[in-house]
Amino acid sequence: MDNTALSETSPISSRQPFIDRLSILTPVIIIFAIVFTLSAIKNIYDTSAHAKSLGYSAIATLEDYLDNTASELSELNRHISKTCNVEDTQRLRQYVFQSPKAKEVSLFDAKGQVYCSSNEGKTSFDVGEAALKQIKKTQTLTTIVLSESRSHDTAIFIYSANKDLSGINALLPPNLFLELITPQFELQHYDYQVNILQHSLEHKSGSENQAYRSYDFKSERYPITLTINLTPQSYFTHYGQHIWRVILLASAIAVLYQAIRNYKLTRNSLAFSLKEAINNQELVLNFQPIVDIHQPKIVGSEALIRWNNPDHGSISPTIFIPLAERIQVIEQITHQVFQLVTDFVNLNPHLVQSQYISINVSRTLITKSKFVEFLERYAKRHPDILPLLLLEITEDNDFSPKELETVRTNLGHLKQLGFKIAMDDFGTGYSGLNFIHQHAFDIIKIDQVFIKGLSQNSAIDSVITSMIKLAKQLKMRVIAEGVETHEQVEQLRGLGVRYIQGFYYSEPLPAEDYILKLTAQMEGY
């Protein structure tokens, strides 16, 4: 049993849970603040880019509609005669009836005189000088103008002319024409203005003076221009429409941050460090001599695992061994102890040939068939080392009757394989006295709590005497642990204890120092 222990206490403030939560939330709040700030700056450019894209798209939408309408009118014109008979009028009226936007269709001659319309049939009036000039300017002989209709309403007229400048036109209500594009602008809260031949067709703006930026767009085929003004509301609207992306991004970064933080905390945690130490074989052995006080000389030692972590410093076995059992790596550690002991014996056979080395084995492992199989393989591979080993089984586990039966069976099997077995910390558990009668241990080790109470409590002296008497009856040797003073040695000698382990003779030693001690003893004898 290791004699070292580490206990530490730390005051826990009642405010600590709040501080811990704050330490977690603060970085998340900062992440959200940074992401929202950067996204707000980026929103300025994104809103401008979206306005440009929407402007070009709106011009293209109007052009496509006018192209399709002009194509329909041109096709209709091919089926209309120059006489404006009843059939011609009916065809014009049928087109208007089927058209979703055209309210009137008229035919005009090369001189610019309208001679036939869907409303009046035969008629006569001028198309207007502005319209003729615009038709002559275009290569496609297709254009639009904004003018007053004969009913004095503002209307859009689309003209599709032949080479001789005769042709067909249609009257389009401005509001129906603009329905093609205005919903998108209103959705984005963009102020906009649509002009045809410098005349304003539509002007939606309540805050021209607040406009931060303006963008102009012009049709290459028709005399249409579009101006978009971006106001604060435009930027806020665009930002609000995409806020879910900002929240999603901030959340993803926050989750990633927490994952990295947890990973680093895990890496810095004792449990993670212990697993790393096992994988990297950083654990080392110390050997604490066991002395025969009748001679006196070293007759054996206890192999004690030690861990010196670069981040956490020297970790007491009283901390990392229970941790190893909790995170279920105690079996891996025990395997490494066996390997380290094997290497030590193979390197120093002349020093340990008449010695023994005890290895602590958690009683939880004795219930596992996998670990017993490991010991079986070890016994077959190292028959020369087997007589030197002593397995120390602690008494501090409380097993069910079924588990105790498994332990008894497995210990019996290990005895048959050639392992010597000791009960460690005898007297500290509840099942020790019953268990020691069920299995023939080779050695019992009296726990140091009894040694420290020698001569301080007469009841303890009686208990130790009873332990020694029981061991002699069962033909078991006794080792006293935790011996620290000469007075304790003499008292134990008087009680009949022959084998001593403790700081009085030696603290646990690194392998090199233990070798020197064994060498000095050999040379002395």
# chains A, B, ... in the order shown; residues from 1 in each chain; ligands from 1
call {"tool": "residues_around", "arguments": {"residues": "A:Lys82", "least_positions_apart": "3", "cutoff": "12 Å", "atoms": "only C-alpha atoms", "output": "VMD selection string"}}
result
chain A and resid 77 to 79 85 to 89 106 to 110 114 to 116 122 166 to 168
call {"tool": "closest_atom_pairs", "arguments": {"of": "stretch 33-134 of chain A", "to": "stretch 209-229 of chain A", "cutoff": "9 Å", "atoms": "only C-alpha atoms", "output": "JSON lines"}}
result
{"residue": "A:Ser48", "atom": "CA", "partner": "A:Arg213", "partner_atom": "CA", "distance": 8.1}
{"residue": "A:Ala51", "atom": "CA", "partner": "A:Ile228", "partner_atom": "CA", "distance": 7.3}
{"residue": "A:Lys52", "atom": "CA", "partner": "A:Tyr215", "partner_atom": "CA", "distance": 7.1}
{"residue": "A:Gly55", "atom": "CA", "partner": "A:Phe217", "partner_atom": "CA", "distance": 6.4}
{"residue": "A:Tyr56", "atom": "CA", "partner": "A:Phe217", "partner_atom": "CA", "distance": 6.7}
{"residue": "A:Ala58", "atom": "CA", "partner": "A:Leu226", "partner_atom": "CA", "distance": 8.5}
{"residue": "A:Ile59", "atom": "CA", "partner": "A:Ser219", "partner_atom": "CA", "distance": 6.1}
{"residue": "A:Ala60", "atom": "CA", "partner": "A:Ser219", "partner_atom": "CA", "distance": 7.8}
{"residue": "A:Leu62", "atom": "CA", "partner": "A:Ser219", "partner_atom": "CA", "distance": 8.8}
{"residue": "A:Glu63", "atom": "CA", "partner": "A:Tyr222", "partner_atom": "CA", "distance": 7.3}
{"residue": "A:Leu66", "atom": "CA", "partner": "A:Tyr222", "partner_atom": "CA", "distance": 8.6}
{"residue": "A:Gln134", "atom": "CA", "partner": "A:Pro223", "partner_atom": "CA", "distance": 8.7}
call {"tool": "closest_residue", "arguments": {"among": "A:Val345, A:Ile290, A:Leu270, A:Ile243", "to": "A:Asn309", "atoms": "only C-alpha atoms"}}
result
A:Leu270
call {"tool": "residues_around", "arguments": {"residues": "stretch 346-354 of chain A", "least_positions_apart": "4", "cutoff": "7 Å", "atoms": "only C-alpha atoms", "output": "list in words"}}
result
Thr342, Leu518 and Thr519 of chain A
call {"tool": "atom_distance", "arguments": {"atom1": "atom CA of A:Ile515", "atom2": "atom CA of A:Gln339"}}
result
17.7 Å
call {"tool": "closest_residue", "arguments": {"among": "A:Gly418, A:Pro401, A:Pro289, A:Gly300", "to": "A:Ile357", "atoms": "only C-alpha atoms"}}
result
A:Gly300
call {"tool": "closest_residue", "arguments": {"among": "A:Ser358, A:Gln491, A:Gln336, A:Ser200", "to": "A:Gln288", "atoms": "only C-alpha atoms"}}
result
A:Ser358
call {"tool": "closest_residue", "arguments": {"among": "A:Lys297, A:Arg377, A:His382, A:Arg408", "to": "A:Gln355", "atoms": "only C-alpha atoms"}}
result
A:Lys297
call {"tool": "select_by_dssp", "arguments": {"residues": "stretch 297-384 of chain A", "states": "alpha helix (DSSP H)", "output": "PyMOL selection string"}}
result
chain A and resi 317-326+330-347+349-352+363-366+369-381
call {"tool": "write_last_selection", "arguments": {"atoms": "N, CA and C atoms", "output": "short mmCIF file (atom, residue, chain, number, x, y, z; two decimals), in the first residue's frame"}}
result
data_model
loop_
_atom_site.label_atom_id
_atom_site.label_comp_id
_atom_site.auth_asym_id
_atom_site.auth_seq_id
_atom_site.Cartn_x
_atom_site.Cartn_y
_atom_site.Cartn_z
N PRO A 317 -1.07 8.95 -6.07
CA PRO A 317 -1.85 7.76 -6.43
C PRO A 317 -3.22 7.74 -5.77
N THR A 318 -3.33 8.39 -4.59
CA THR A 318 -4.65 8.42 -3.94
C THR A 318 -5.65 9.23 -4.74
N ILE A 319 -5.15 9.98 -5.74
CA ILE A 319 -6.03 10.75 -6.62
C ILE A 319 -6.22 10.03 -7.95
N PHE A 320 -5.10 9.63 -8.59
CA PHE A 320 -5.27 9.12 -9.95
C PHE A 320 -5.66 7.65 -10.01
N ILE A 321 -5.41 6.87 -8.93
CA ILE A 321 -5.85 5.47 -8.96
C ILE A 321 -7.39 5.37 -8.86
N PRO A 322 -8.03 6.07 -7.90
CA PRO A 322 -9.51 6.08 -7.92
C PRO A 322 -10.08 6.66 -9.21
N LEU A 323 -9.37 7.66 -9.76
CA LEU A 323 -9.81 8.22 -11.04
C LEU A 323 -9.72 7.18 -12.14
N ALA A 324 -8.64 6.42 -12.13
CA ALA A 324 -8.47 5.36 -13.15
C ALA A 324 -9.57 4.32 -13.04
N GLU A 325 -9.98 4.00 -11.81
CA GLU A 325 -11.07 3.04 -11.65
C GLU A 325 -12.39 3.63 -12.14
N ARG A 326 -12.58 4.93 -11.89
CA ARG A 326 -13.83 5.57 -12.29
C ARG A 326 -13.96 5.68 -13.80
N ILE A 330 -8.08 1.40 -15.13
CA ILE A 330 -7.23 0.77 -14.13
C ILE A 330 -6.61 -0.51 -14.67
N GLU A 331 -7.33 -1.20 -15.56
CA GLU A 331 -6.78 -2.43 -16.12
C GLU A 331 -5.58 -2.13 -17.01
N GLN A 332 -5.67 -1.04 -17.79
CA GLN A 332 -4.54 -0.65 -18.62
C GLN A 332 -3.32 -0.30 -17.77
N ILE A 333 -3.57 0.42 -16.67
CA ILE A 333 -2.46 0.78 -15.78
C ILE A 333 -1.84 -0.48 -15.19
N THR A 334 -2.68 -1.42 -14.75
CA THR A 334 -2.16 -2.66 -14.16
C THR A 334 -1.34 -3.45 -15.17
N HIS A 335 -1.78 -3.47 -16.42
CA HIS A 335 -0.99 -4.13 -17.47
C HIS A 335 0.38 -3.49 -17.59
N GLN A 336 0.40 -2.16 -17.54
CA GLN A 336 1.69 -1.47 -17.66
C GLN A 336 2.59 -1.75 -16.46
N VAL A 337 1.98 -1.86 -15.26
CA VAL A 337 2.78 -2.18 -14.08
C VAL A 337 3.43 -3.55 -14.24
N PHE A 338 2.68 -4.51 -14.72
CA PHE A 338 3.24 -5.84 -14.96
C PHE A 338 4.40 -5.77 -15.96
N GLN A 339 4.23 -4.98 -17.01
CA GLN A 339 5.28 -4.88 -18.01
C GLN A 339 6.53 -4.20 -17.43
N LEU A 340 6.31 -3.14 -16.65
CA LEU A 340 7.44 -2.43 -16.05
C LEU A 340 8.18 -3.31 -15.04
N VAL A 341 7.43 -4.07 -14.26
CA VAL A 341 8.06 -4.99 -13.31
C VAL A 341 8.84 -6.07 -14.05
N THR A 342 8.25 -6.58 -15.12
CA THR A 342 8.93 -7.60 -15.93
C THR A 342 10.24 -7.06 -16.49
N ASP A 343 10.19 -5.85 -17.03
CA ASP A 343 11.41 -5.24 -17.57
C ASP A 343 12.46 -5.05 -16.48
N PHE A 344 12.00 -4.63 -15.30
CA PHE A 344 12.94 -4.41 -14.19
C PHE A 344 13.61 -5.71 -13.79
N VAL A 345 12.85 -6.78 -13.68
CA VAL A 345 13.41 -8.08 -13.29
C VAL A 345 14.38 -8.59 -14.36
N ASN A 346 14.01 -8.46 -15.62
CA ASN A 346 14.88 -8.94 -16.70
C ASN A 346 16.20 -8.18 -16.76
N LEU A 347 16.16 -6.89 -16.36
CA LEU A 347 17.39 -6.09 -16.38
C LEU A 347 18.25 -6.32 -15.13
N PRO A 349 18.30 -9.39 -12.89
CA PRO A 349 17.95 -10.71 -12.33
C PRO A 349 18.80 -11.09 -11.12
N HIS A 350 20.07 -10.66 -11.09
CA HIS A 350 20.96 -11.03 -10.00
C HIS A 350 20.59 -10.33 -8.69
N LEU A 351 19.90 -9.20 -8.79
CA LEU A 351 19.54 -8.45 -7.59
C LEU A 351 18.23 -8.91 -6.97
N VAL A 352 17.33 -9.46 -7.78
CA VAL A 352 15.99 -9.80 -7.28
C VAL A 352 15.74 -11.30 -7.24
N ARG A 363 -9.46 -5.10 -6.62
CA ARG A 363 -10.34 -6.28 -6.52
C ARG A 363 -11.42 -6.27 -7.59
N THR A 364 -11.70 -5.08 -8.16
CA THR A 364 -12.68 -5.06 -9.26
C THR A 364 -12.16 -5.83 -10.46
N LEU A 365 -10.83 -5.86 -10.63
CA LEU A 365 -10.26 -6.58 -11.76
C LEU A 365 -10.35 -8.09 -11.57
N ILE A 366 -10.31 -8.55 -10.32
CA ILE A 366 -10.34 -9.98 -10.06
C ILE A 366 -11.67 -10.59 -10.46
N SER A 369 -13.16 -11.73 -16.08
CA SER A 369 -12.54 -12.88 -16.72
C SER A 369 -11.45 -12.45 -17.69
N LYS A 370 -11.62 -11.28 -18.31
CA LYS A 370 -10.61 -10.78 -19.25
C LYS A 370 -9.28 -10.55 -18.56
N PHE A 371 -9.31 -10.01 -17.33
CA PHE A 371 -8.07 -9.75 -16.62
C PHE A 371 -7.44 -11.06 -16.15
N VAL A 372 -8.27 -12.00 -15.70
CA VAL A 372 -7.75 -13.31 -15.30
C VAL A 372 -7.08 -13.99 -16.48
N GLU A 373 -7.65 -13.84 -17.66
CA GLU A 373 -7.03 -14.41 -18.87
C GLU A 373 -5.68 -13.75 -19.15
N PHE A 374 -5.60 -12.45 -18.87
CA PHE A 374 -4.32 -11.76 -19.03
C PHE A 374 -3.26 -12.37 -18.11
N LEU A 375 -3.64 -12.65 -16.85
CA LEU A 375 -2.71 -13.24 -15.90
C LEU A 375 -2.33 -14.67 -16.32
N GLU A 376 -3.27 -15.37 -16.91
CA GLU A 376 -2.95 -16.72 -17.42
C GLU A 376 -1.88 -16.64 -18.50
N ARG A 377 -2.06 -15.71 -19.43
CA ARG A 377 -1.07 -15.56 -20.50
C ARG A 377 0.28 -15.13 -19.93
N TYR A 378 0.22 -14.24 -18.92
CA TYR A 378 1.47 -13.77 -18.32
C TYR A 378 2.22 -14.94 -17.66
N ALA A 379 1.50 -15.78 -16.95
CA ALA A 379 2.13 -16.92 -16.27
C ALA A 379 2.79 -17.86 -17.26
N LYS A 380 2.18 -18.05 -18.42
CA LYS A 380 2.75 -18.93 -19.44
C LYS A 380 3.98 -18.31 -20.09
N ARG A 381 3.96 -16.98 -20.28
CA ARG A 381 5.06 -16.32 -20.97
C ARG A 381 6.27 -16.08 -20.05
#
call {"tool": "residues_around", "arguments": {"residues": "A:Val407", "least_positions_apart": "4", "cutoff": "7 Å", "atoms": "only C-alpha atoms", "output": "PDB file with N, CA, C and O atoms, in the first residue's frame"}}
result
ATOM      1  N   ILE A 366     -10.309  -8.545 -10.315  1.00  0.00           N
ATOM      2  CA  ILE A 366     -10.335  -9.975 -10.061  1.00  0.00           C
ATOM      3  C   ILE A 366     -11.673 -10.587 -10.462  1.00  0.00           C
ATOM      4  O   ILE A 366     -11.779 -11.784 -10.708  1.00  0.00           O
ATOM      5  N   THR A 367     -12.705  -9.747 -10.573  1.00  0.00           N
ATOM      6  CA  THR A 367     -14.013 -10.272 -10.992  1.00  0.00           C
ATOM      7  C   THR A 367     -14.128 -10.375 -12.508  1.00  0.00           C
ATOM      8  O   THR A 367     -15.089 -10.938 -13.016  1.00  0.00           O
ATOM      9  N   GLU A 403     -20.498 -11.905  -6.492  1.00  0.00           N
ATOM     10  CA  GLU A 403     -19.180 -11.381  -6.864  1.00  0.00           C
ATOM     11  C   GLU A 403     -18.089 -11.970  -5.975  1.00  0.00           C
ATOM     12  O   GLU A 403     -16.986 -12.284  -6.448  1.00  0.00           O
ATOM     13  N   LEU A 411      -9.295 -16.253  -7.559  1.00  0.00           N
ATOM     14  CA  LEU A 411      -8.076 -16.282  -6.746  1.00  0.00           C
ATOM     15  C   LEU A 411      -7.533 -17.704  -6.612  1.00  0.00           C
ATOM     16  O   LEU A 411      -6.313 -17.927  -6.642  1.00  0.00           O
TER      17      LEU A 411
END
call {"tool": "select_by_dssp", "arguments": {"residues": "stretch 249-312 of chain A", "states": "strand (DSSP E or B)", "output": "VMD selection string"}}
result
chain A and resid 284 to 292 297 to 309
call {"tool": "closest_residue", "arguments": {"among": "A:Tyr263, A:Phe441, A:Trp307, A:Tyr190", "to": "A:Leu470", "atoms": "only C-alpha atoms"}}
result
A:Phe441
